[in-house]
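**Q** Below you will find the structure I want to go over with you.
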Amino acid sequence: MAQKKMAIIATKGALDMAYPPLILSSTAAALGWEVQIFFTFYGLQLLRKDLSRIHISPLANPAMPMPVPMPVLLKAMPSMEAVATKMMKAKMKKKGVASLEELRALCQEADVKFIACQMTVDLFDFKKSDFIEGIEFGGAATFLKFAGDTDVCLFI
Amino acid sequence: MAQKKMAIIATKGALDMAYPPLILSSTAAALGWEVQIFFTFYGLQLLRKDLSRIHISPLANPAMPMPVPMPVLLKAMPSMEAVATKMMKAKMKKKGVASLEELRALCQEADVKFIACQMTVDLFDFKKSDFIEGIEFGGAATFLKFAGDTDVCLFI
Amino acid sequence: MAQKKMAIIATKGALDMAYPPLILSSTAAALGWEVQIFFTFYGLQLLRKDLSRIHISPLANPAMPMPVPMPVLLKAMPSMEAVATKMMKAKMKKKGVASLEELRALCQEADVKFIACQMTVDLFDFKKSDFIEGIEFGGAATFLKFAGDTDVCLFI
């Protein structure tokens, strides 16, 4: 049986949607699949050396399970983004869910290829020194050529 | 011709993004496709017995067609989430769009397989009794094995 | 080698998520792929003649790189959606990123097929005269039949 392949386009940079590309990729790599992730738009945030700015927002997310019901305006208070982020991180740690940094390292050890979208890097004035080692920079055309031969291709 | 297969990863729990997994799955099943949905993160909300908590948020959604233009701060008023949800549900009912409950039942009757992400169930302290009958509990690895053999695989 | 095919389900109507379907489709078409986009839910906004209503919201998007850190409540001020939209458009123009109108025209010139979801058109009371020329109107079933034979199928 041929080796399975997966391509992921990671476009989100909030804490909750930062997890799926890394969880799915590390899982697929563990199954022996070849995996590439193309980080573009806000997804580029996941390639920064420092992931401490990755936050979660309870605003506009009526589906987020909160410990207590909370009026929308309260969720808009300046400190609530930090509070929700802290709560979510504490909950994940307590439940034994790996951190983003751990999952990212796991992907790299398993040879998941990380590609940073050059157009977004230019658009948001990122510096290459902002990013972790071992990544490539490329465009949508190159990535699509790989994606066209995959078994699973996801836009996250 | 071999039977077509579709895999969906359903991660959203707000009213608007709750529809696509169920509409696409019931449609594909009606075409004779084999379909599995993996409910994870906020998507787990769609498997609850009680769907009345599924809301829509007009906040941070400048593309939502509202009957009257509305300043952002007004959208943040405590009651606006409920108002927008009620308006959207009324509009759908008037236009003959099936409810989430109806679409979900349709999927189950058509043998669409529902899988709840065990990791998310543990993370958010869901109880199995919160969920409808006839679902399975599983992990990303098992689901990816199915997804790797599908014709269409979507992350919603 | 057979011609590659891509299907995209475009469901978002905010400025940032309006780009990916059009960038990916024009890129794939340039590579010689056959491409169809199914515009549904808020994605229908991208087919309007007038795209000036396509906005971006800094709210509930902690990952958006802003020139200066900004408290959440300030982001909720009535004028901030317009300010963020203006800033993002100016930045894209300065960096040579094509406008949505240009990318959309590029797709149509390259024979990317645009399909408007009839159900959403009815639901939101759109008029056919709101939309650009050269599009088709259809349902999920017809689109899935095409999607089932593609190499890449994305839900955006």
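Identifiers in the structure tokens: chain A, B, ... in order shown; residue index from 1 per chain; ligand index from 1 in order shown.
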Can you pull out every residue within 6 Å of segment 4-20 of chain B, counting only C-alpha atoms, but drop anything in the same chain fewer than 6 positions away, and send it as a list in words?
**A**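 In the requested format, the answer is Ala63 of chain A; Trp33, Glu34, Val35, Gln36, Ile37, Phe38, Phe39, Thr40, Phe41, Tyr42, Gly43, Gln45, Ile54, His55, Ile56, Ala147, Thr150, Asp151, Val152, Cys153, Leu154, Phe155 and Ile156 of chain B.
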**Q** Would you mind listing what lies within 10 Å of Leu106 of chain A as an MDAnalysis selection string, with only C-alpha atoms counted and same-chain residues fewer than 6 positions away left out?
**A** chainID A and resid 22:23 25:27 29:30 98 100 112
**Q** Considering only C-alpha atoms, can you say which of A:Ala84, A:Leu103, A:Val121, A:Val97 comes closest to chain B?
**A**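 The closest residue to chain B is A:Val97.
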**Q** Let me make sure I understand: among B:Gln108, B:Ser52, B:Ser129, B:Gln3, which one has the smallest atom-to-atom distance to Thr85 of chain B if we use only C-alpha atoms?
**A** B:Ser52
**Q** With only C-alpha atoms as the atoms that count, which of C:Glu101, C:Leu44, C:Asp130, C:Lys95 lies nearest to Ala116 of chain C?
**A**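 Checking each candidate against Ala116 of chain C, we get C:Leu44 as the closest.
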**Q** Can you measure atom CA of Ala105 of chain B to atom CA of Ile132 of chain B for me? One decimal in Å is fine.
**A**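 Value for the atom CA of Ala105 of chain B-atom CA of Ile132 of chain B distance: 10.2 Å.
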**Q** Do you know which residues are at most 10 Å from Gly138 of chain A counting only C-alpha atoms, after dropping those on the same chain fewer than 4 positions away, and could you put them as a ChimeraX atom specification?
**A** /A:38-39,114-119,142-143
**Q** Could you check how far atom CA of Met87 of chain A sits from atom CA of Asp125 of chain B, in Å to one decimal?
**A**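 Separation between atom CA of Met87 of chain A and atom CA of Asp125 of chain B: 14.0 Å.
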